[in-house]
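Visitor: My file is target15.txt. It has compact mmCIF, N, CA and C atoms:
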# COMPACT_ATOMS: atom_id res chain seq x y z
N MET O 1 -10.00 29.35 -29.08
CA MET O 1 -8.65 29.62 -28.66
C MET O 1 -8.60 29.94 -27.16
N LYS O 2 -9.58 30.71 -26.67
CA LYS O 2 -9.61 31.06 -25.24
C LYS O 2 -9.76 29.81 -24.38
N LYS O 3 -10.58 28.85 -24.83
CA LYS O 3 -10.76 27.61 -24.06
C LYS O 3 -9.45 26.83 -23.98
N LEU O 4 -8.71 26.79 -25.07
CA LEU O 4 -7.45 26.07 -25.10
C LEU O 4 -6.44 26.73 -24.14
N ILE O 5 -6.36 28.04 -24.16
CA ILE O 5 -5.45 28.75 -23.26
C ILE O 5 -5.87 28.53 -21.80
N PHE O 6 -7.16 28.60 -21.51
CA PHE O 6 -7.66 28.37 -20.16
C PHE O 6 -7.34 26.96 -19.71
N PHE O 7 -7.53 25.97 -20.59
CA PHE O 7 -7.22 24.58 -20.26
C PHE O 7 -5.73 24.44 -19.94
N ALA O 8 -4.87 25.04 -20.74
CA ALA O 8 -3.43 24.97 -20.51
C ALA O 8 -3.08 25.61 -19.17
N PHE O 9 -3.74 26.71 -18.83
CA PHE O 9 -3.51 27.37 -17.55
C PHE O 9 -3.92 26.46 -16.40
N LEU O 10 -5.11 25.85 -16.49
CA LEU O 10 -5.56 24.93 -15.44
C LEU O 10 -4.62 23.73 -15.31
N LEU O 11 -4.15 23.22 -16.42
CA LEU O 11 -3.21 22.09 -16.39
C LEU O 11 -1.92 22.50 -15.69
N ALA O 12 -1.42 23.68 -15.99
CA ALA O 12 -0.20 24.17 -15.35
C ALA O 12 -0.40 24.36 -13.85
N VAL O 13 -1.56 24.88 -13.45
CA VAL O 13 -1.85 25.07 -12.03
C VAL O 13 -1.93 23.71 -11.34
N ASN O 14 -2.59 22.74 -11.95
CA ASN O 14 -2.69 21.41 -11.36
C ASN O 14 -1.32 20.76 -11.21
N ILE O 15 -0.47 20.90 -12.21
CA ILE O 15 0.88 20.35 -12.13
C ILE O 15 1.66 21.02 -11.02
N ALA O 16 1.58 22.34 -10.93
CA ALA O 16 2.29 23.07 -9.88
C ALA O 16 1.79 22.65 -8.50
N GLN O 17 0.48 22.49 -8.34
CA GLN O 17 -0.06 22.07 -7.05
C GLN O 17 0.39 20.66 -6.72
N ALA O 18 0.39 19.77 -7.70
CA ALA O 18 0.82 18.40 -7.46
C ALA O 18 2.28 18.37 -7.04
N GLN O 19 3.10 19.20 -7.66
CA GLN O 19 4.52 19.22 -7.32
C GLN O 19 4.73 19.75 -5.91
N THR O 20 3.94 20.72 -5.47
CA THR O 20 4.13 21.26 -4.13
C THR O 20 3.66 20.29 -3.07
N ASN O 21 2.82 19.32 -3.43
CA ASN O 21 2.36 18.31 -2.49
C ASN O 21 3.22 17.06 -2.52
N TYR O 22 4.29 17.11 -3.27
CA TYR O 22 5.19 15.97 -3.42
C TYR O 22 6.36 16.12 -2.47
N GLY O 23 6.71 15.05 -1.79
CA GLY O 23 7.81 15.11 -0.86
C GLY O 23 8.67 13.87 -0.95
N GLY O 24 9.62 13.80 -0.01
CA GLY O 24 10.53 12.66 -0.05
C GLY O 24 11.27 12.45 1.24
N LEU O 25 12.40 11.77 1.13
CA LEU O 25 13.22 11.35 2.25
C LEU O 25 14.21 12.43 2.69
N GLY O 26 14.79 13.13 1.73
CA GLY O 26 15.78 14.16 2.05
C GLY O 26 17.20 13.65 2.02
N ALA O 27 17.51 12.85 1.01
CA ALA O 27 18.86 12.32 0.87
C ALA O 27 19.24 12.28 -0.60
N SER O 28 20.52 12.49 -0.87
CA SER O 28 21.05 12.31 -2.22
C SER O 28 21.40 10.84 -2.37
N ILE O 29 21.05 10.28 -3.50
CA ILE O 29 21.16 8.84 -3.71
C ILE O 29 22.07 8.55 -4.90
N GLY O 30 22.85 7.50 -4.78
CA GLY O 30 23.65 6.98 -5.88
C GLY O 30 23.46 5.48 -5.93
N ILE O 31 24.17 4.82 -6.82
CA ILE O 31 24.14 3.36 -6.90
C ILE O 31 25.54 2.85 -6.59
N ASP O 32 25.63 1.96 -5.60
CA ASP O 32 26.92 1.38 -5.23
C ASP O 32 27.35 0.40 -6.32
N GLU O 33 28.53 0.63 -6.91
CA GLU O 33 28.99 -0.21 -8.01
C GLU O 33 29.25 -1.66 -7.58
N ASN O 34 29.67 -1.86 -6.35
CA ASN O 34 29.99 -3.21 -5.89
C ASN O 34 28.75 -4.04 -5.57
N THR O 35 27.81 -3.45 -4.85
CA THR O 35 26.64 -4.20 -4.41
C THR O 35 25.45 -4.08 -5.35
N ARG O 36 25.43 -3.04 -6.18
CA ARG O 36 24.33 -2.70 -7.10
C ARG O 36 23.06 -2.30 -6.35
N PHE O 37 23.21 -1.89 -5.09
CA PHE O 37 22.10 -1.33 -4.31
C PHE O 37 22.25 0.18 -4.27
N PRO O 38 21.13 0.90 -4.09
CA PRO O 38 21.21 2.35 -3.89
C PRO O 38 21.99 2.65 -2.62
N ILE O 39 22.75 3.72 -2.67
CA ILE O 39 23.56 4.12 -1.52
C ILE O 39 23.29 5.59 -1.22
N ILE O 40 23.23 5.92 0.05
CA ILE O 40 23.02 7.31 0.45
C ILE O 40 24.36 8.04 0.33
N VAL O 41 24.32 9.15 -0.38
CA VAL O 41 25.53 9.94 -0.61
C VAL O 41 25.59 11.10 0.37
N GLN O 42 24.46 11.74 0.58
CA GLN O 42 24.43 12.93 1.44
C GLN O 42 23.03 13.07 2.05
N ILE O 43 22.98 13.60 3.26
CA ILE O 43 21.72 13.82 3.98
C ILE O 43 21.44 15.31 4.06
N MET O 44 20.18 15.69 3.80
CA MET O 44 19.76 17.08 3.96
C MET O 44 19.33 17.30 5.41
N THR O 45 19.69 18.44 5.97
CA THR O 45 19.32 18.72 7.35
C THR O 45 17.82 18.99 7.47
N GLY O 46 17.27 18.58 8.61
CA GLY O 46 15.86 18.83 8.90
C GLY O 46 14.91 17.93 8.14
N THR O 47 15.37 16.79 7.68
CA THR O 47 14.54 15.88 6.88
C THR O 47 14.38 14.54 7.60
N PRO O 48 13.45 13.71 7.12
CA PRO O 48 13.31 12.38 7.73
C PRO O 48 14.62 11.59 7.72
N ALA O 49 15.42 11.73 6.68
CA ALA O 49 16.69 11.01 6.61
C ALA O 49 17.57 11.38 7.80
N GLU O 50 17.63 12.65 8.13
CA GLU O 50 18.43 13.09 9.28
C GLU O 50 17.80 12.61 10.59
N GLN O 51 16.48 12.70 10.69
CA GLN O 51 15.80 12.29 11.92
C GLN O 51 15.96 10.81 12.20
N MET O 52 16.11 10.00 11.16
CA MET O 52 16.30 8.56 11.34
C MET O 52 17.78 8.19 11.49
N ASN O 53 18.63 9.22 11.55
CA ASN O 53 20.08 9.02 11.69
C ASN O 53 20.69 8.24 10.53
N LEU O 54 20.14 8.42 9.34
CA LEU O 54 20.77 7.81 8.18
C LEU O 54 22.09 8.53 7.91
N ALA O 55 22.99 7.84 7.25
CA ALA O 55 24.32 8.40 7.01
C ALA O 55 24.81 8.03 5.63
N ALA O 56 25.80 8.79 5.16
CA ALA O 56 26.44 8.47 3.89
C ALA O 56 26.95 7.03 3.96
N ASN O 57 26.82 6.34 2.85
CA ASN O 57 27.25 4.95 2.67
C ASN O 57 26.25 3.92 3.19
N ASP O 58 25.12 4.33 3.76
CA ASP O 58 24.05 3.39 4.08
C ASP O 58 23.45 2.90 2.77
N LEU O 59 23.20 1.60 2.68
CA LEU O 59 22.55 1.04 1.50
C LEU O 59 21.05 0.96 1.73
N ILE O 60 20.27 1.29 0.73
CA ILE O 60 18.82 1.11 0.79
C ILE O 60 18.52 -0.20 0.06
N THR O 61 18.21 -1.25 0.81
CA THR O 61 18.04 -2.57 0.21
C THR O 61 16.60 -2.91 -0.15
N ARG O 62 15.65 -2.21 0.48
CA ARG O 62 14.24 -2.44 0.18
C ARG O 62 13.47 -1.13 0.30
N ILE O 63 12.46 -0.98 -0.56
CA ILE O 63 11.52 0.13 -0.47
C ILE O 63 10.13 -0.47 -0.55
N ASN O 64 9.34 -0.24 0.48
CA ASN O 64 7.98 -0.80 0.55
C ASN O 64 7.97 -2.29 0.23
N GLY O 65 8.92 -3.01 0.82
CA GLY O 65 8.96 -4.46 0.70
C GLY O 65 9.63 -5.00 -0.54
N GLN O 66 9.97 -4.13 -1.49
CA GLN O 66 10.57 -4.59 -2.75
C GLN O 66 12.08 -4.38 -2.72
N SER O 67 12.82 -5.41 -3.12
CA SER O 67 14.28 -5.30 -3.20
C SER O 67 14.66 -4.22 -4.19
N THR O 68 15.69 -3.47 -3.87
CA THR O 68 16.16 -2.40 -4.74
C THR O 68 17.41 -2.82 -5.53
N TYR O 69 17.76 -4.09 -5.45
CA TYR O 69 18.93 -4.59 -6.16
C TYR O 69 18.79 -4.33 -7.67
N GLY O 70 19.77 -3.66 -8.23
CA GLY O 70 19.76 -3.39 -9.66
C GLY O 70 18.90 -2.21 -10.10
N PHE O 71 18.26 -1.53 -9.15
CA PHE O 71 17.45 -0.36 -9.50
C PHE O 71 18.34 0.75 -10.05
N SER O 72 17.79 1.55 -10.93
CA SER O 72 18.46 2.78 -11.35
C SER O 72 18.16 3.86 -10.31
N THR O 73 18.91 4.93 -10.35
CA THR O 73 18.65 6.03 -9.41
C THR O 73 17.25 6.60 -9.64
N ALA O 74 16.83 6.66 -10.88
CA ALA O 74 15.49 7.18 -11.17
C ALA O 74 14.41 6.30 -10.55
N GLN O 75 14.58 4.98 -10.59
CA GLN O 75 13.60 4.07 -9.99
C GLN O 75 13.56 4.25 -8.48
N VAL O 76 14.71 4.46 -7.85
CA VAL O 76 14.76 4.67 -6.41
C VAL O 76 14.04 5.96 -6.04
N VAL O 77 14.38 7.03 -6.73
CA VAL O 77 13.78 8.33 -6.44
C VAL O 77 12.27 8.28 -6.64
N GLU O 78 11.83 7.60 -7.71
CA GLU O 78 10.39 7.48 -7.99
C GLU O 78 9.65 6.81 -6.83
N ARG O 79 10.28 5.82 -6.21
CA ARG O 79 9.62 5.08 -5.12
C ARG O 79 9.73 5.79 -3.77
N LEU O 80 10.79 6.59 -3.59
CA LEU O 80 10.93 7.33 -2.34
C LEU O 80 10.04 8.57 -2.30
N ARG O 81 9.79 9.16 -3.44
CA ARG O 81 8.95 10.35 -3.50
C ARG O 81 7.48 9.97 -3.47
N GLY O 82 6.67 10.91 -2.98
CA GLY O 82 5.24 10.70 -2.96
C GLY O 82 4.55 11.88 -2.31
N THR O 83 3.29 11.75 -2.11
CA THR O 83 2.49 12.82 -1.51
C THR O 83 2.99 13.12 -0.11
N VAL O 84 3.15 14.40 0.18
CA VAL O 84 3.60 14.83 1.51
C VAL O 84 2.69 14.24 2.57
N GLY O 85 3.29 13.68 3.62
CA GLY O 85 2.55 13.10 4.73
C GLY O 85 2.31 11.61 4.62
N THR O 86 2.49 11.06 3.41
CA THR O 86 2.31 9.62 3.27
C THR O 86 3.57 8.90 3.77
N SER O 87 3.40 7.65 4.17
CA SER O 87 4.54 6.92 4.72
C SER O 87 5.19 6.03 3.67
N CYS O 88 6.43 5.71 3.94
CA CYS O 88 7.22 4.85 3.08
C CYS O 88 8.08 3.97 3.97
N ASN O 89 8.12 2.68 3.68
CA ASN O 89 8.95 1.74 4.44
C ASN O 89 10.23 1.47 3.66
N ILE O 90 11.35 1.57 4.35
CA ILE O 90 12.63 1.25 3.72
C ILE O 90 13.42 0.33 4.64
N THR O 91 14.31 -0.43 4.05
CA THR O 91 15.27 -1.20 4.83
C THR O 91 16.64 -0.67 4.46
N VAL O 92 17.38 -0.26 5.47
CA VAL O 92 18.71 0.30 5.28
C VAL O 92 19.72 -0.69 5.85
N GLN O 93 20.79 -0.90 5.12
CA GLN O 93 21.84 -1.79 5.60
C GLN O 93 23.09 -0.97 5.94
N ARG O 94 23.56 -1.16 7.17
CA ARG O 94 24.77 -0.50 7.64
C ARG O 94 25.61 -1.55 8.36
N ASN O 95 26.87 -1.68 7.97
CA ASN O 95 27.77 -2.68 8.57
C ASN O 95 27.15 -4.08 8.54
N ASN O 96 26.54 -4.43 7.42
CA ASN O 96 25.92 -5.74 7.20
C ASN O 96 24.76 -6.05 8.13
N VAL O 97 24.17 -5.03 8.73
CA VAL O 97 22.98 -5.19 9.58
C VAL O 97 21.83 -4.45 8.91
N ASP O 98 20.67 -5.11 8.78
CA ASP O 98 19.48 -4.50 8.18
C ASP O 98 18.65 -3.80 9.24
N TYR O 99 18.20 -2.59 8.91
CA TYR O 99 17.35 -1.80 9.79
C TYR O 99 16.07 -1.42 9.05
N PRO O 100 14.93 -2.03 9.38
CA PRO O 100 13.67 -1.61 8.76
C PRO O 100 13.20 -0.30 9.39
N LEU O 101 12.87 0.66 8.55
CA LEU O 101 12.47 2.00 9.01
C LEU O 101 11.25 2.47 8.24
N THR O 102 10.49 3.34 8.86
CA THR O 102 9.35 3.98 8.21
C THR O 102 9.48 5.48 8.38
N PHE O 103 9.23 6.21 7.31
CA PHE O 103 9.26 7.67 7.40
C PHE O 103 8.04 8.24 6.70
N ASN O 104 7.67 9.45 7.09
CA ASN O 104 6.62 10.20 6.41
C ASN O 104 7.29 11.21 5.49
N ARG O 105 6.85 11.21 4.24
CA ARG O 105 7.42 12.11 3.25
C ARG O 105 7.15 13.57 3.64
N VAL O 106 8.16 14.40 3.46
CA VAL O 106 8.04 15.82 3.77
C VAL O 106 8.36 16.63 2.53
N LEU O 107 7.83 17.84 2.50
CA LEU O 107 8.14 18.77 1.43
C LEU O 107 9.60 19.18 1.57
N LEU O 108 10.35 18.99 0.54
CA LEU O 108 11.76 19.34 0.57
C LEU O 108 11.92 20.75 0.00
N HIS O 109 12.58 21.60 0.75
CA HIS O 109 12.72 22.99 0.34
C HIS O 109 13.64 23.13 -0.86
N ASP O 110 14.59 22.22 -0.99
CA ASP O 110 15.46 22.20 -2.17
C ASP O 110 14.80 21.28 -3.17
N ASN O 111 14.13 21.86 -4.17
CA ASN O 111 13.37 21.06 -5.12
C ASN O 111 14.24 20.18 -6.00
N SER O 112 15.52 20.52 -6.08
CA SER O 112 16.38 19.69 -6.91
C SER O 112 16.66 18.39 -6.18
N CYS O 113 16.84 17.37 -6.94
CA CYS O 113 17.16 16.07 -6.37
C CYS O 113 18.54 15.69 -6.85
N SER O 114 19.44 15.46 -5.94
CA SER O 114 20.78 15.08 -6.34
C SER O 114 20.82 13.58 -6.59
N ILE O 115 21.24 13.22 -7.76
CA ILE O 115 21.38 11.82 -8.13
C ILE O 115 22.80 11.63 -8.61
N TYR O 116 23.43 10.64 -8.06
CA TYR O 116 24.82 10.35 -8.42
C TYR O 116 24.88 9.04 -9.16
N ASN O 117 25.52 9.04 -10.32
CA ASN O 117 25.68 7.81 -11.11
C ASN O 117 27.11 7.32 -11.03
What is this file in structure tokens?
Guide:
Amino acid sequence: MKKLIFFAFLLAVNIAQAQTNYGGLGASIGIDENTRFPIIVQIMTGTPAEQMNLAANDLITRINGQSTYGFSTAQVVERLRGTVGTSCNITVQRNNVDYPLTFNRVLLHDNSCSIYN
């Protein structure tokens, strides 16, 4: 019984450590009903999204080279999140112009992720 409890404790510690090393872009994401692409709803201050001058209503058309057309919000968030410090390539469309951008994932102080459906 002690081994099982110790194993559960180690598993919980590993999960907690993994979560603290996980970061992202720093934006709330929804899916645009007209285009079926992910759309930025809100930007968190002090994040890569703000530093790249992303804005509400920007469409995310590609993540790491893959089209995001028809993605669910969960699929978008899964691809934007990753280990803190790792890079992610996105293409953002604003006013029908594509902008390829690269950001390094940062630890987000607000652990909640806003997803709009």
Visitor: Which distance in Å separates atom N of Asn64 (chain O) and CA of Ala27 (chain O), to one decimal?
Guide: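 Spanning atom N of Asn64 (chain O) to CA of Ala27 (chain O) is a straight-line distance of 15.8 Å.
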Visitor: Got a sec: who's within 7 Å of Ile63 (chain O), counting all atoms listed in the file, leaving out chain neighbours fewer than 6 positions off, as a PyMOL selection string?
Guide: chain O and resi 79+88-91
Visitor: Between O:Tyr69, O:Asp58, O:Asn53, O:Pro48, which has the minimum distance to Arg36 (chain O) (counting all atoms listed in the file)?
Guide: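 Under the stated criterion, the closest residue is O:Tyr69.
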Visitor: Could you check which of O:Thr35, O:Asn21, O:Ser28, O:Gln93 is closest to Glu50 (chain O), using only C-alpha atoms?
Guide: O:Ser28
Visitor: Could you name the residues that touch Val84 (chain O) at 7 Å or less, counting all atoms listed in the file, but leaving out those on the same chain fewer than 3 positions away, as a PDB file with N, CA and C atoms, in the coordinates of the input?
Guide:
ATOM      1  N   THR O  20       3.940  20.720  -5.470  1.00  0.00           N
ATOM      2  CA  THR O  20       4.130  21.260  -4.130  1.00  0.00           C
ATOM      3  C   THR O  20       3.660  20.290  -3.070  1.00  0.00           C
ATOM      4  N   ASN O  21       2.820  19.320  -3.430  1.00  0.00           N
ATOM      5  CA  ASN O  21       2.360  18.310  -2.490  1.00  0.00           C
ATOM      6  C   ASN O  21       3.220  17.060  -2.520  1.00  0.00           C
ATOM      7  N   TYR O  22       4.290  17.110  -3.270  1.00  0.00           N
ATOM      8  CA  TYR O  22       5.190  15.970  -3.420  1.00  0.00           C
ATOM      9  C   TYR O  22       6.360  16.120  -2.470  1.00  0.00           C
ATOM     10  N   GLY O  23       6.710  15.050  -1.790  1.00  0.00           N
ATOM     11  CA  GLY O  23       7.810  15.110  -0.860  1.00  0.00           C
ATOM     12  C   GLY O  23       8.670  13.870  -0.950  1.00  0.00           C
ATOM     13  N   GLY O  24       9.620  13.800  -0.010  1.00  0.00           N
ATOM     14  CA  GLY O  24      10.530  12.660  -0.050  1.00  0.00           C
ATOM     15  C   GLY O  24      11.270  12.450   1.240  1.00  0.00           C
ATOM     16  N   SER O  87       3.400   7.650   4.170  1.00  0.00           N
ATOM     17  CA  SER O  87       4.540   6.920   4.720  1.00  0.00           C
ATOM     18  C   SER O  87       5.190   6.030   3.670  1.00  0.00           C
ATOM     19  N   ASN O 104       7.670   9.450   7.090  1.00  0.00           N
ATOM     20  CA  ASN O 104       6.620  10.200   6.410  1.00  0.00           C
ATOM     21  C   ASN O 104       7.290  11.210   5.490  1.00  0.00           C
ATOM     22  N   ARG O 105       6.850  11.210   4.240  1.00  0.00           N
ATOM     23  CA  ARG O 105       7.420  12.110   3.250  1.00  0.00           C
ATOM     24  C   ARG O 105       7.150  13.570   3.640  1.00  0.00           C
ATOM     25  N   VAL O 106       8.160  14.400   3.460  1.00  0.00           N
ATOM     26  CA  VAL O 106       8.040  15.820   3.770  1.00  0.00           C
ATOM     27  C   VAL O 106       8.360  16.630   2.530  1.00  0.00           C
ATOM     28  N   LEU O 107       7.830  17.840   2.500  1.00  0.00           N
ATOM     29  CA  LEU O 107       8.140  18.770   1.430  1.00  0.00           C
ATOM     30  C   LEU O 107       9.600  19.180   1.570  1.00  0.00           C
TER      31      LEU O 107
END
Visitor: So, with only C-alpha atoms as the atoms that count, which of O:Gly30, O:Arg94, O:Phe103, O:Asn57 lies closest to Gly70 (chain O)?
Guide: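 Nearest to Gly70 (chain O): O:Gly30.
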Visitor: Report as a ChimeraX atom specification: the residues of region 9-78 of chain O with a DSSP assignment of strand (DSSP E), based on the backbone of this structure.
Guide: /O:22-23,27-31,38-43,59-63,66-67
Visitor: Considering only C-alpha atoms, state which residue in the set O:Val92, O:Ile31, O:Val77, O:Val97 is at the smallest distance from Ala55 (chain O).
Guide: O:Val92
Visitor: Could you check the closest approach to Gly82 (chain O) for each of O:Asp32, O:Met52, O:Leu25, O:Leu101 and tell me which residue wins, using only N, CA and C atoms?
Guide: O:Leu25
Visitor: Where atoms are absent from region 93-107 of chain O, fill them in so it carries N, CA, C and O atoms, then output it as a PDB file, keeping the file's coordinate frame.
Guide:
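Result written to result.pdb:
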ATOM      1  N   GLN O  93      20.790  -0.900   5.120  1.00  0.00           N
ATOM      2  CA  GLN O  93      21.840  -1.790   5.600  1.00  0.00           C
ATOM      3  C   GLN O  93      23.090  -0.970   5.940  1.00  0.00           C
ATOM      4  O   GLN O  93      23.566  -0.189   5.120  1.00  0.00           O
ATOM      5  N   ARG O  94      23.560  -1.160   7.170  1.00  0.00           N
ATOM      6  CA  ARG O  94      24.770  -0.500   7.640  1.00  0.00           C
ATOM      7  C   ARG O  94      25.610  -1.550   8.360  1.00  0.00           C
ATOM      8  O   ARG O  94      25.106  -2.243   9.246  1.00  0.00           O
ATOM      9  N   ASN O  95      26.870  -1.680   7.970  1.00  0.00           N
ATOM     10  CA  ASN O  95      27.770  -2.680   8.570  1.00  0.00           C
ATOM     11  C   ASN O  95      27.150  -4.080   8.540  1.00  0.00           C
ATOM     12  O   ASN O  95      27.195  -4.807   9.526  1.00  0.00           O
ATOM     13  N   ASN O  96      26.540  -4.430   7.420  1.00  0.00           N
ATOM     14  CA  ASN O  96      25.920  -5.740   7.200  1.00  0.00           C
ATOM     15  C   ASN O  96      24.760  -6.050   8.130  1.00  0.00           C
ATOM     16  O   ASN O  96      24.394  -7.213   8.308  1.00  0.00           O
ATOM     17  N   VAL O  97      24.170  -5.030   8.730  1.00  0.00           N
ATOM     18  CA  VAL O  97      22.980  -5.190   9.580  1.00  0.00           C
ATOM     19  C   VAL O  97      21.830  -4.450   8.910  1.00  0.00           C
ATOM     20  O   VAL O  97      21.983  -3.290   8.513  1.00  0.00           O
ATOM     21  N   ASP O  98      20.670  -5.110   8.780  1.00  0.00           N
ATOM     22  CA  ASP O  98      19.480  -4.500   8.180  1.00  0.00           C
ATOM     23  C   ASP O  98      18.650  -3.800   9.240  1.00  0.00           C
ATOM     24  O   ASP O  98      18.394  -4.353  10.315  1.00  0.00           O
ATOM     25  N   TYR O  99      18.200  -2.590   8.910  1.00  0.00           N
ATOM     26  CA  TYR O  99      17.350  -1.800   9.790  1.00  0.00           C
ATOM     27  C   TYR O  99      16.070  -1.420   9.050  1.00  0.00           C
ATOM     28  O   TYR O  99      16.109  -0.584   8.150  1.00  0.00           O
ATOM     29  N   PRO O 100      14.930  -2.030   9.380  1.00  0.00           N
ATOM     30  CA  PRO O 100      13.670  -1.610   8.760  1.00  0.00           C
ATOM     31  C   PRO O 100      13.200  -0.300   9.390  1.00  0.00           C
ATOM     32  O   PRO O 100      13.178  -0.160  10.607  1.00  0.00           O
ATOM     33  N   LEU O 101      12.870   0.660   8.550  1.00  0.00           N
ATOM     34  CA  LEU O 101      12.470   2.000   9.010  1.00  0.00           C
ATOM     35  C   LEU O 101      11.250   2.470   8.240  1.00  0.00           C
ATOM     36  O   LEU O 101      11.014   2.055   7.101  1.00  0.00           O
ATOM     37  N   THR O 102      10.490   3.340   8.860  1.00  0.00           N
ATOM     38  CA  THR O 102       9.350   3.980   8.210  1.00  0.00           C
ATOM     39  C   THR O 102       9.480   5.480   8.380  1.00  0.00           C
ATOM     40  O   THR O 102       9.821   5.955   9.455  1.00  0.00           O
ATOM     41  N   PHE O 103       9.230   6.210   7.310  1.00  0.00           N
ATOM     42  CA  PHE O 103       9.260   7.670   7.400  1.00  0.00           C
ATOM     43  C   PHE O 103       8.040   8.240   6.700  1.00  0.00           C
ATOM     44  O   PHE O 103       7.434   7.596   5.844  1.00  0.00           O
ATOM     45  N   ASN O 104       7.670   9.450   7.090  1.00  0.00           N
ATOM     46  CA  ASN O 104       6.620  10.200   6.410  1.00  0.00           C
ATOM     47  C   ASN O 104       7.290  11.210   5.490  1.00  0.00           C
ATOM     48  O   ASN O 104       8.175  11.951   5.908  1.00  0.00           O
ATOM     49  N   ARG O 105       6.850  11.210   4.240  1.00  0.00           N
ATOM     50  CA  ARG O 105       7.420  12.110   3.250  1.00  0.00           C
ATOM     51  C   ARG O 105       7.150  13.570   3.640  1.00  0.00           C
ATOM     52  O   ARG O 105       6.052  13.883   4.102  1.00  0.00           O
ATOM     53  N   VAL O 106       8.160  14.400   3.460  1.00  0.00           N
ATOM     54  CA  VAL O 106       8.040  15.820   3.770  1.00  0.00           C
ATOM     55  C   VAL O 106       8.360  16.630   2.530  1.00  0.00           C
ATOM     56  O   VAL O 106       9.072  16.174   1.630  1.00  0.00           O
ATOM     57  N   LEU O 107       7.830  17.840   2.500  1.00  0.00           N
ATOM     58  CA  LEU O 107       8.140  18.770   1.430  1.00  0.00           C
ATOM     59  C   LEU O 107       9.600  19.180   1.570  1.00  0.00           C
ATOM     60  O   LEU O 107      10.021  19.628   2.645  1.00  0.00           O
TER      61      LEU O 107
END
